[in-house]
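**Q** Sending over my_file.csv (CSV, C-alpha atoms).
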```
chain,number,residue,atom,x,y,z
A,963,MET,CA,47.2,-77.6,-8.7
A,964,ARG,CA,49.0,-75.1,-6.6
A,965,ILE,CA,51.1,-76.6,-3.8
A,966,LEU,CA,52.8,-74.7,-1.0
A,967,ILE,CA,55.7,-76.6,0.6
A,968,CYS,CA,56.7,-75.1,3.9
A,969,PRO,CA,58.5,-77.5,6.2
A,970,ASP,CA,60.7,-76.9,9.2
A,971,LYS,CA,64.0,-78.7,9.6
A,972,PHE,CA,64.2,-82.4,10.3
A,973,LYS,CA,66.6,-82.0,13.3
A,974,GLU,CA,70.1,-83.5,12.7
A,975,SER,CA,69.0,-84.8,9.3
A,976,LEU,CA,67.8,-82.1,7.0
A,977,THR,CA,67.6,-78.3,7.0
A,978,ALA,CA,64.2,-76.8,6.2
A,979,SER,CA,65.5,-75.9,2.7
A,980,GLN,CA,66.7,-79.5,2.1
A,981,ALA,CA,63.4,-80.9,3.3
A,982,ALA,CA,61.5,-78.6,0.9
A,983,ASP,CA,63.7,-79.7,-2.0
A,984,HIS,CA,63.0,-83.4,-1.3
A,985,ILE,CA,59.3,-82.9,-1.0
A,986,TYR,CA,59.3,-80.9,-4.2
A,987,ALA,CA,61.3,-83.6,-6.0
A,988,GLY,CA,58.9,-86.3,-4.9
A,989,ILE,CA,55.8,-84.3,-6.1
A,990,VAL,CA,57.1,-83.4,-9.5
A,991,LYS,CA,57.9,-87.0,-10.4
A,992,ILE,CA,54.2,-87.7,-10.5
A,993,MET,CA,52.7,-84.2,-11.0
A,994,PRO,CA,55.1,-82.3,-13.2
A,995,GLU,CA,52.3,-79.8,-14.1
A,996,ALA,CA,51.8,-78.8,-10.5
A,997,GLU,CA,52.7,-75.2,-9.5
A,998,CYS,CA,54.9,-75.5,-6.4
A,999,LYS,CA,56.1,-72.8,-4.1
A,1000,LYS,CA,58.9,-73.7,-1.6
A,1001,ILE,CA,59.1,-71.7,1.6
A,1002,PRO,CA,61.5,-73.2,4.2
A,1003,MET,CA,60.3,-72.4,7.7
A,1004,ALA,CA,61.6,-72.0,11.2
A,1005,ASP,CA,60.4,-70.9,14.6
A,1006,GLY,CA,63.4,-68.8,15.7
A,1007,GLY,CA,66.0,-71.5,16.2
A,1008,GLU,CA,68.2,-73.3,13.7
A,1009,GLY,CA,67.2,-72.6,10.1
A,1010,THR,CA,65.8,-69.1,10.8
A,1011,VAL,CA,68.5,-67.3,8.9
A,1012,GLU,CA,68.2,-69.7,5.9
A,1013,ALA,CA,64.4,-69.3,5.8
A,1014,LEU,CA,64.4,-65.5,5.8
A,1015,VAL,CA,67.3,-65.1,3.5
A,1016,SER,CA,65.7,-67.4,1.0
A,1017,VAL,CA,62.4,-65.6,0.8
A,1018,THR,CA,63.9,-62.1,0.8
A,1019,ASN,CA,66.5,-63.0,-2.0
A,1020,GLY,CA,69.2,-62.1,0.5
A,1021,HIS,CA,72.6,-63.6,1.2
A,1022,ILE,CA,74.6,-65.1,4.1
A,1023,LEU,CA,77.9,-63.6,5.2
A,1024,PRO,CA,80.6,-65.5,7.3
A,1025,ILE,CA,81.4,-63.6,10.4
A,1026,GLN,CA,84.3,-64.2,12.8
A,1027,VAL,CA,83.0,-64.3,16.4
A,1028,HIS,CA,83.7,-66.1,19.7
A,1029,ASP,CA,81.9,-69.3,20.8
A,1030,PRO,CA,80.3,-69.8,24.3
A,1031,LEU,CA,83.8,-70.5,25.7
A,1032,MET,CA,85.3,-67.5,23.9
A,1033,ARG,CA,87.1,-69.5,21.3
A,1034,PRO,CA,87.3,-68.0,17.8
A,1035,ILE,CA,84.9,-69.5,15.3
A,1036,THR,CA,83.3,-68.6,12.0
A,1037,SER,CA,79.6,-67.9,12.4
A,1038,PHE,CA,77.2,-66.3,9.9
A,1039,LEU,CA,74.8,-63.4,9.4
A,1040,GLY,CA,71.9,-63.2,7.0
A,1041,ILE,CA,71.2,-60.0,5.1
A,1042,SER,CA,67.9,-59.3,3.3
A,1043,GLY,CA,67.9,-58.6,-0.4
A,1044,ASP,CA,67.3,-54.9,0.2
A,1045,GLY,CA,70.2,-54.7,2.7
A,1046,ASN,CA,68.0,-53.2,5.4
A,1047,THR,CA,67.4,-56.2,7.7
A,1048,ALA,CA,69.9,-58.6,9.4
A,1049,PHE,CA,68.9,-62.1,10.4
A,1050,ILE,CA,70.7,-63.7,13.3
A,1051,GLU,CA,70.6,-67.1,15.0
A,1052,MET,CA,72.0,-67.0,18.6
A,1053,ALA,CA,72.8,-70.7,18.2
A,1054,SER,CA,75.3,-70.0,15.5
A,1055,ALA,CA,77.5,-68.1,17.9
A,1056,SER,CA,76.4,-69.0,21.4
A,1057,GLY,CA,74.7,-72.4,20.8
A,1058,LEU,CA,74.8,-75.6,22.7
A,1059,ALA,CA,75.6,-77.5,19.5
A,1060,LEU,CA,79.0,-75.7,19.4
A,1061,LEU,CA,80.1,-77.5,22.6
A,1062,LYS,CA,81.0,-81.1,23.3
A,1063,PRO,CA,78.9,-82.7,26.0
A,1064,GLU,CA,81.7,-82.5,28.5
A,1065,GLU,CA,82.2,-78.7,27.7
A,1066,ARG,CA,78.6,-77.7,28.6
A,1067,ASP,CA,78.6,-75.6,31.7
A,1068,PRO,CA,76.4,-72.5,31.9
A,1069,LEU,CA,78.4,-71.2,34.9
A,1070,ILE,CA,81.2,-70.3,32.5
A,1071,THR,CA,79.6,-69.9,29.0
A,1072,THR,CA,78.9,-66.5,27.5
A,1073,SER,CA,76.6,-65.0,24.9
A,1074,PHE,CA,79.4,-62.6,23.8
A,1075,GLY,CA,79.4,-64.0,20.3
A,1076,THR,CA,75.8,-63.1,19.7
A,1077,GLY,CA,76.7,-59.5,20.6
A,1078,GLU,CA,79.4,-59.7,18.0
A,1079,LEU,CA,76.9,-60.7,15.4
A,1080,ILE,CA,74.7,-57.8,16.3
A,1081,SER,CA,77.6,-55.5,16.0
A,1082,ALA,CA,78.4,-56.9,12.5
A,1083,ALA,CA,74.8,-56.3,11.5
A,1084,LEU,CA,75.2,-52.7,12.5
A,1085,ASP,CA,78.5,-52.5,10.6
A,1086,LYS,CA,76.6,-53.6,7.4
A,1087,GLY,CA,74.2,-50.6,7.8
A,1088,CYS,CA,71.1,-52.7,8.8
A,1089,SER,CA,68.3,-50.7,10.4
A,1090,LYS,CA,66.4,-53.8,11.5
A,1091,ILE,CA,67.5,-57.0,13.2
A,1092,LEU,CA,65.5,-60.2,13.6
A,1093,LEU,CA,67.2,-62.4,16.3
A,1094,GLY,CA,66.3,-66.0,16.9
A,1095,ILE,CA,67.4,-67.1,20.4
A,1096,GLY,CA,66.7,-70.9,20.3
A,1097,GLY,CA,69.4,-73.5,21.1
A,1098,SER,CA,71.6,-71.4,23.4
A,1099,ALA,CA,74.4,-72.8,25.7
A,1100,THR,CA,74.2,-69.9,28.1
A,1101,VAL,CA,72.5,-68.7,31.3
A,1102,ASP,CA,74.0,-65.2,31.5
A,1103,GLY,CA,70.9,-63.1,31.1
A,1104,GLY,CA,72.4,-61.6,27.9
A,1105,ALA,CA,75.2,-59.9,29.8
A,1106,GLY,CA,77.8,-61.4,27.5
A,1107,MET,CA,76.0,-60.1,24.5
A,1108,ALA,CA,75.8,-56.7,26.1
A,1109,LYS,CA,79.5,-56.6,26.9
A,1110,ALA,CA,80.3,-57.3,23.2
A,1111,LEU,CA,78.3,-54.1,22.4
A,1112,GLY,CA,80.3,-52.0,24.8
A,1113,ILE,CA,78.3,-52.2,28.0
A,1114,GLU,CA,80.7,-52.4,31.0
A,1115,PHE,CA,80.0,-54.5,34.1
A,1116,THR,CA,82.0,-53.7,37.2
A,1117,ASP,CA,82.2,-55.0,40.8
A,1118,VAL,CA,82.1,-53.1,44.1
A,1119,LEU,CA,85.8,-52.1,43.6
A,1120,GLY,CA,85.1,-50.7,40.2
A,1121,ASN,CA,86.9,-53.5,38.4
A,1122,GLU,CA,85.5,-54.5,35.1
A,1123,ILE,CA,84.3,-58.2,35.0
A,1124,ASN,CA,83.6,-60.6,32.1
A,1125,PRO,CA,80.0,-61.5,33.0
A,1126,VAL,CA,79.1,-65.2,32.8
A,1127,GLY,CA,76.4,-67.2,34.6
A,1128,GLY,CA,78.6,-68.0,37.5
A,1129,ASN,CA,79.7,-64.5,38.4
A,1130,LEU,CA,76.6,-62.3,37.7
A,1131,ASN,CA,76.3,-61.9,41.5
A,1132,THR,CA,79.5,-59.8,41.5
A,1133,ILE,CA,78.1,-57.1,39.3
A,1134,ASN,CA,77.7,-53.9,41.2
A,1135,SER,CA,77.1,-51.4,38.4
A,1136,ILE,CA,76.5,-51.2,34.7
A,1137,GLY,CA,78.2,-48.6,32.5
A,1138,PHE,CA,76.9,-47.3,29.1
A,1139,SER,CA,79.6,-44.8,28.2
A,1140,LYS,CA,81.0,-47.2,25.5
A,1141,PHE,CA,77.7,-48.7,24.5
A,1142,ASP,CA,77.2,-48.9,20.7
A,1143,LYS,CA,74.8,-46.0,20.1
A,1144,ARG,CA,73.7,-47.3,16.8
A,1145,ILE,CA,71.5,-49.7,18.7
A,1146,LYS,CA,69.2,-46.8,19.6
A,1147,THR,CA,68.3,-46.3,15.9
A,1148,CYS,CA,67.9,-50.0,15.1
A,1149,ASN,CA,64.6,-51.9,15.4
A,1150,ILE,CA,65.3,-55.3,17.1
A,1151,SER,CA,62.8,-58.1,17.2
A,1152,VAL,CA,63.5,-61.3,19.1
A,1153,ALA,CA,61.9,-64.7,18.3
A,1154,CYS,CA,60.9,-66.1,21.6
A,1155,ASP,CA,58.5,-69.0,21.9
A,1156,VAL,CA,58.6,-69.8,25.6
A,1157,THR,CA,56.7,-67.9,28.3
A,1158,ASN,CA,59.1,-68.6,31.2
A,1159,ILE,CA,60.0,-65.6,33.4
A,1160,LEU,CA,63.6,-65.0,34.3
A,1161,THR,CA,63.9,-66.7,37.7
A,1162,GLY,CA,62.2,-69.1,40.1
A,1163,PRO,CA,60.8,-72.6,39.6
A,1164,GLN,CA,59.8,-71.8,36.0
A,1165,GLY,CA,62.8,-69.6,35.3
A,1166,ALA,CA,65.7,-69.8,32.9
A,1167,ALA,CA,68.0,-71.7,35.3
A,1168,SER,CA,65.5,-74.1,36.7
A,1169,ILE,CA,63.9,-75.1,33.4
A,1170,PHE,CA,66.7,-74.8,30.9
A,1171,GLY,CA,69.8,-75.0,33.0
A,1172,PRO,CA,70.0,-78.8,33.2
A,1173,GLN,CA,69.9,-79.3,29.4
A,1174,LYS,CA,72.8,-76.8,29.2
A,1175,GLY,CA,74.9,-78.9,31.6
A,1176,ALA,CA,73.9,-77.4,35.0
A,1177,ASN,CA,73.7,-79.8,38.0
A,1178,PRO,CA,71.3,-79.0,40.9
A,1179,THR,CA,73.9,-76.9,42.7
A,1180,ALA,CA,74.7,-74.9,39.6
A,1181,VAL,CA,71.0,-74.4,38.9
A,1182,LYS,CA,70.6,-72.8,42.4
A,1183,ILE,CA,73.6,-70.5,41.8
A,1184,LEU,CA,72.5,-69.5,38.3
A,1185,ASP,CA,69.0,-68.7,39.5
A,1186,GLU,CA,70.2,-66.5,42.4
A,1187,ASN,CA,72.7,-64.8,40.1
A,1188,LEU,CA,70.0,-64.0,37.5
A,1189,LEU,CA,67.8,-62.5,40.3
A,1190,HIS,CA,70.8,-60.3,41.3
A,1191,LEU,CA,71.3,-59.2,37.7
A,1192,SER,CA,67.6,-58.3,37.4
A,1193,ARG,CA,67.8,-56.1,40.5
A,1194,ILE,CA,70.9,-54.4,39.2
A,1195,ILE,CA,69.3,-53.8,35.8
A,1196,HIS,CA,66.2,-52.4,37.6
A,1197,HIS,CA,68.3,-50.0,39.5
A,1198,GLU,CA,70.8,-49.0,36.8
A,1199,CYS,CA,68.5,-49.1,33.7
A,1200,GLN,CA,65.1,-48.5,35.2
A,1201,VAL,CA,63.8,-51.6,33.4
A,1202,ASP,CA,61.9,-54.3,35.4
A,1203,ILE,CA,62.6,-57.6,33.7
A,1204,GLY,CA,61.8,-59.8,36.7
A,1205,LEU,CA,58.3,-60.9,35.6
A,1206,LEU,CA,58.7,-60.3,31.9
A,1207,VAL,CA,56.9,-63.1,29.9
A,1208,GLY,CA,59.6,-64.8,27.8
A,1209,GLY,CA,62.4,-63.2,29.8
A,1210,GLY,CA,63.7,-66.6,30.8
A,1211,ALA,CA,64.2,-67.7,27.1
A,1212,ALA,CA,67.7,-68.7,26.1
A,1213,GLY,CA,69.1,-68.5,29.6
A,1214,GLY,CA,67.7,-65.0,30.2
A,1215,MET,CA,68.6,-63.7,26.8
A,1216,GLY,CA,65.0,-62.7,26.3
A,1217,ALA,CA,65.2,-60.4,29.3
A,1218,GLY,CA,68.6,-59.2,28.3
A,1219,THR,CA,67.6,-58.0,24.9
A,1220,VAL,CA,64.7,-56.0,26.3
A,1221,ALA,CA,66.8,-54.5,29.1
A,1222,PHE,CA,70.0,-53.7,27.1
A,1223,LEU,CA,68.7,-53.3,23.5
A,1224,GLY,CA,65.1,-52.2,23.9
A,1225,ALA,CA,64.1,-55.2,21.8
A,1226,GLU,CA,60.6,-56.5,21.3
A,1227,LEU,CA,59.9,-60.2,22.1
A,1228,LEU,CA,57.7,-61.9,19.6
A,1229,LYS,CA,56.5,-65.5,19.1
A,1230,GLY,CA,59.1,-67.2,16.9
A,1231,PHE,CA,56.7,-68.7,14.4
A,1232,GLU,CA,54.8,-65.4,14.0
A,1233,LEU,CA,58.0,-63.5,13.4
A,1234,ILE,CA,59.2,-65.9,10.7
A,1235,ALA,CA,55.7,-66.3,9.1
A,1236,ASN,CA,55.3,-62.5,8.8
A,1237,GLY,CA,58.8,-62.3,7.3
A,1238,VAL,CA,58.1,-64.9,4.6
A,1239,GLN,CA,54.5,-63.7,3.9
A,1240,LEU,CA,53.2,-67.2,4.8
A,1241,GLU,CA,49.6,-66.1,5.0
A,1242,LYS,CA,49.7,-64.8,1.4
A,1243,TRP,CA,51.1,-68.0,0.1
A,1244,ILE,CA,48.6,-70.2,2.0
A,1245,ARG,CA,45.8,-68.2,0.5
A,1246,TRP,CA,47.4,-68.8,-3.0
A,1247,ALA,CA,47.7,-72.6,-2.5
A,1248,ASP,CA,45.3,-75.4,-3.1
A,1249,ILE,CA,47.2,-77.7,-0.8
A,1250,VAL,CA,49.7,-76.9,1.9
A,1251,ILE,CA,52.5,-79.3,3.0
A,1252,THR,CA,54.6,-79.0,6.1
A,1253,GLY,CA,56.7,-81.2,8.4
A,1254,GLU,CA,59.5,-81.7,10.8
A,1255,GLY,CA,61.6,-84.4,12.3
A,1256,LYS,CA,59.2,-85.4,15.1
A,1257,MET,CA,55.6,-84.5,15.8
A,1258,ASP,CA,53.9,-85.1,19.2
A,1259,PHE,CA,51.7,-83.3,21.7
A,1260,GLN,CA,54.4,-80.6,22.1
A,1261,THR,CA,54.1,-79.7,18.4
A,1262,ALA,CA,50.9,-77.9,19.1
A,1263,PHE,CA,52.6,-75.4,21.4
A,1264,GLY,CA,54.0,-72.8,19.0
A,1265,LYS,CA,56.1,-75.1,16.7
A,1266,THR,CA,56.1,-74.5,13.0
A,1267,PRO,CA,53.7,-77.2,11.9
A,1268,ALA,CA,51.0,-76.1,14.3
A,1269,GLY,CA,51.5,-72.5,13.3
A,1270,VAL,CA,51.0,-73.5,9.7
A,1271,GLY,CA,47.9,-75.4,10.7
A,1272,GLN,CA,46.3,-72.4,12.4
A,1273,ILE,CA,46.6,-70.4,9.2
A,1274,THR,CA,45.3,-73.2,6.9
A,1275,LEU,CA,42.3,-73.6,9.2
A,1276,GLN,CA,41.6,-69.9,8.9
A,1277,PHE,CA,41.4,-70.1,5.1
A,1278,GLY,CA,40.0,-73.6,4.9
A,1279,LYS,CA,43.0,-75.1,3.0
A,1280,PRO,CA,43.9,-78.8,3.3
A,1281,LEU,CA,47.1,-79.5,5.2
A,1282,ILE,CA,49.5,-82.5,4.9
A,1283,GLY,CA,52.3,-83.1,7.4
A,1284,PHE,CA,55.4,-85.3,7.1
A,1285,ALA,CA,57.4,-86.4,10.0
A,1286,GLY,CA,60.3,-88.7,10.7
A,1287,SER,CA,58.4,-90.1,13.7
A,1288,PHE,CA,55.2,-89.4,15.7
A,1289,GLY,CA,55.3,-89.3,19.4
A,1290,GLU,CA,52.7,-89.3,22.2
A,1291,GLY,CA,49.6,-87.2,21.6
A,1292,TYR,CA,50.3,-86.5,17.9
A,1293,GLU,CA,46.7,-87.1,17.1
A,1294,LYS,CA,45.9,-83.8,18.7
A,1295,LEU,CA,47.3,-82.2,15.5
A,1296,TYR,CA,44.2,-83.3,13.6
A,1297,GLU,CA,42.4,-80.7,15.7
A,1298,SER,CA,45.0,-78.1,14.6
A,1299,GLY,CA,44.3,-78.0,10.9
A,1300,PHE,CA,46.0,-81.2,9.7
A,1301,ASN,CA,44.0,-83.4,7.3
A,1302,VAL,CA,46.7,-86.1,6.8
A,1303,LEU,CA,49.9,-87.0,8.8
A,1304,ILE,CA,52.4,-89.1,7.0
A,1305,PRO,CA,55.5,-90.9,8.5
A,1306,ILE,CA,58.4,-91.0,6.1
A,1307,ALA,CA,59.7,-94.5,7.1
A,1308,ASP,CA,58.6,-97.1,4.6
A,1309,LYS,CA,59.8,-100.2,6.5
A,1310,PRO,CA,61.0,-101.2,10.0
A,1311,MET,CA,64.2,-99.3,10.7
A,1312,THR,CA,66.1,-97.8,13.5
A,1313,LEU,CA,66.0,-94.1,14.4
A,1314,GLU,CA,69.6,-93.8,13.1
A,1315,GLN,CA,68.6,-95.3,9.8
A,1316,CYS,CA,65.7,-93.0,9.4
A,1317,MET,CA,67.8,-89.9,10.2
A,1318,THR,CA,70.6,-91.0,7.8
A,1319,ASP,CA,68.2,-91.7,4.9
A,1320,ALA,CA,65.8,-88.9,5.8
A,1321,GLY,CA,66.1,-87.1,2.4
A,1322,GLU,CA,65.4,-90.2,0.3
A,1323,LEU,CA,62.6,-91.3,2.6
A,1324,LEU,CA,61.0,-87.9,2.6
A,1325,GLU,CA,61.2,-87.7,-1.2
A,1326,ASN,CA,59.6,-91.2,-1.6
A,1327,ALA,CA,56.9,-90.3,0.9
A,1328,ALA,CA,56.1,-87.1,-1.1
A,1329,GLU,CA,56.0,-89.2,-4.3
A,1330,ARG,CA,53.4,-91.6,-2.7
A,1331,MET,CA,51.4,-88.7,-1.6
A,1332,ALA,CA,51.5,-87.2,-5.1
A,1333,ARG,CA,50.2,-90.5,-6.5
A,1334,ILE,CA,47.2,-90.3,-4.2
A,1335,LEU,CA,46.6,-86.7,-5.1
A,1336,SER,CA,46.8,-87.4,-8.9
A,1337,VAL,CA,44.3,-90.3,-8.6
A,1338,LYS,CA,42.0,-88.0,-6.7
A,1339,THR,CA,42.3,-85.3,-9.2
A,1340,GLU,CA,41.6,-87.6,-12.1
A,1341,GLN,CA,38.5,-89.0,-10.4
A,1342,SER,CA,37.3,-85.5,-9.7
A,1343,CYS,CA,37.7,-84.6,-13.4
A,1344,ARG,CA,35.7,-87.6,-14.5
A,1345,LEU,CA,32.9,-86.7,-12.2
A,1346,ILE,CA,32.8,-83.2,-13.5
```
Translate this file's structure into structure tokens.

**A**
Amino acid sequence: MRILICPDKFKESLTASQAADHIYAGIVKIMPEAECKKIPMADGGEGTVEALVSVTNGHILPIQVHDPLMRPITSFLGISGDGNTAFIEMASASGLALLKPEERDPLITTSFGTGELISAALDKGCSKILLGIGGSATVDGGAGMAKALGIEFTDVLGNEINPVGGNLNTINSIGFSKFDKRIKTCNISVACDVTNILTGPQGAASIFGPQKGANPTAVKILDENLLHLSRIIHHECQVDIGLLVGGGAAGGMGAGTVAFLGAELLKGFELIANGVQLEKWIRWADIVITGEGKMDFQTAFGKTPAGVGQITLQFGKPLIGFAGSFGEGYEKLYESGFNVLIPIADKPMTLEQCMTDAGELLENAAERMARILSVKTEQSCRLI
């Protein structure tokens, strides 16, 4: 039996790679003869670099950058095995998880560190960049990232400013004389799962600002400032990002990468799935296994398990899903390609217990699943 193991992360418990290892360990206890292929998955957020480095036989490099509050930190950059492609997670340099709750304020945070990672990728000679923009702490329209790559933002007096969400309204002109020209010869794809435009009720500030620490007053300021930035970009760069689908992703980073870098916005799961040749491996498999920390009605909207389900449906392959918990509307996933959904908890426990013991619980759940599969296989053999 050929089994494809392609989970996403179990948030705050297991990386996608760790989850795949535990599922594999549970299976081989009962089915040592099974051919298993592990492909850790992601949708553009945390785990993206790990997934793409793993499947391309690449490596991860530590890179010194600045965090959302411009403090020096060690981030990382993934390089493909052939050295041509760089894999970047915005969250590793400009992410919300890098800040304490009381530090979260998108009026003052910057995406500068993400620009530093892009610059590092160019220094390594990469001709292609895959950038995941999930989990950001910023609402600066990507201006901080652009500054790190040499773009200058000046006010009406010609003074250069350090662009953050709270002062985008002071930008009067954008200068490209010091812009890193290597960007023009680099193909940049951005993993972007949301369809929000840059401003308005469904824009970056209104929808994502509060989770980054913005109160209602800050949300209004940020939205107005992003609108101002879009008008300046339209005038200075001849690029209209105002109604760009996905432009509001990551506090406007979606729009910023298109305007400043000429990037292409792609659905996160599709970008990663293509990178790891997921369709090829699903066609190879007899059974496909995926999972993530929580599955509910939102899972069906572009998240990794649903994306895996769409491909398994296409090729008529059975799909099993593991989750730490199931929320409202998870039953809809049975319409998205799943044959079985399995919770990893094996007794009453708190969420904290489940997260702490996620590895052991997932391995045990995979072992129970393997026992069922082995019984089914034996019965099928007898019937034949």

**Q** Write out as a ChimeraX atom specification the residues lying within 7 Å of Arg1066 of chain A, counting all atoms listed in the file and excluding same-chain residues fewer than 3 positions away.

**A** /A:1061-1063,1174-1175

**Q** Filtering to C-alpha atoms, could you give me those residues as a tab-separated table (two decimals), in the frame of the given file?

**A**
```tsv
chain	number	residue	atom	x	y	z
A	1061	LEU	CA	80.10	-77.50	22.60
A	1062	LYS	CA	81.00	-81.10	23.30
A	1063	PRO	CA	78.90	-82.70	26.00
A	1174	LYS	CA	72.80	-76.80	29.20
A	1175	GLY	CA	74.90	-78.90	31.60
```

**Q** In Å, with one decimal, what is the gap from atom CA of Ile989 of chain A to atom CA of Ala1327 of chain A?

**A** 9.3 Å

**Q** When you look at Cys968 of chain A with a cut-off of 10 Å (counting only C-alpha atoms), what residues show up, excluding the ones that are within fewer than 3 positions of it in the same chain? I need them as a list in words.

**A**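 Using only C-alpha atoms, the neighbours found are Ile965, Lys971, Ala978, Ser979, Ala981, Ala982, Ile985, Lys999, Lys1000, Ile1001, Pro1002, Met1003, Ala1004, Ala1013, Leu1240, Trp1243, Ile1244, Val1250, Ile1251, Thr1252, Gly1253, Glu1254, Thr1266, Pro1267, Val1270 and Gly1283 of chain A.
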
**Q** Produce a file of the selected residues containing C-alpha atoms, as an mmCIF file, in the coordinates of the input.

**A**
```cif
data_model
loop_
_atom_site.group_PDB
_atom_site.id
_atom_site.type_symbol
_atom_site.label_atom_id
_atom_site.label_comp_id
_atom_site.auth_asym_id
_atom_site.auth_seq_id
_atom_site.Cartn_x
_atom_site.Cartn_y
_atom_site.Cartn_z
ATOM 1 C CA ILE A 965 51.100 -76.600 -3.800
ATOM 2 C CA LYS A 971 64.000 -78.700 9.600
ATOM 3 C CA ALA A 978 64.200 -76.800 6.200
ATOM 4 C CA SER A 979 65.500 -75.900 2.700
ATOM 5 C CA ALA A 981 63.400 -80.900 3.300
ATOM 6 C CA ALA A 982 61.500 -78.600 0.900
ATOM 7 C CA ILE A 985 59.300 -82.900 -1.000
ATOM 8 C CA LYS A 999 56.100 -72.800 -4.100
ATOM 9 C CA LYS A 1000 58.900 -73.700 -1.600
ATOM 10 C CA ILE A 1001 59.100 -71.700 1.600
ATOM 11 C CA PRO A 1002 61.500 -73.200 4.200
ATOM 12 C CA MET A 1003 60.300 -72.400 7.700
ATOM 13 C CA ALA A 1004 61.600 -72.000 11.200
ATOM 14 C CA ALA A 1013 64.400 -69.300 5.800
ATOM 15 C CA LEU A 1240 53.200 -67.200 4.800
ATOM 16 C CA TRP A 1243 51.100 -68.000 0.100
ATOM 17 C CA ILE A 1244 48.600 -70.200 2.000
ATOM 18 C CA VAL A 1250 49.700 -76.900 1.900
ATOM 19 C CA ILE A 1251 52.500 -79.300 3.000
ATOM 20 C CA THR A 1252 54.600 -79.000 6.100
ATOM 21 C CA GLY A 1253 56.700 -81.200 8.400
ATOM 22 C CA GLU A 1254 59.500 -81.700 10.800
ATOM 23 C CA THR A 1266 56.100 -74.500 13.000
ATOM 24 C CA PRO A 1267 53.700 -77.200 11.900
ATOM 25 C CA VAL A 1270 51.000 -73.500 9.700
ATOM 26 C CA GLY A 1283 52.300 -83.100 7.400
#
```

**Q** Might you pull out every residue within 8 Å of segment 1038-1044 of chain A, with all atoms listed in the file counted and same-chain residues fewer than 5 positions away left off, and present them as a count of residues only?

**A** 19

**Q** For the atom pair atom CA of Gly1077 of chain A and atom CA of Arg1193 of chain A, what is the interatomic distance in Å to one decimal place?

**A** 22.1 Å

**Q** Between atom CA of Leu1069 of chain A and atom CA of Gly1208 of chain A, what is the spacing in Å?

**A** 21.1 Å
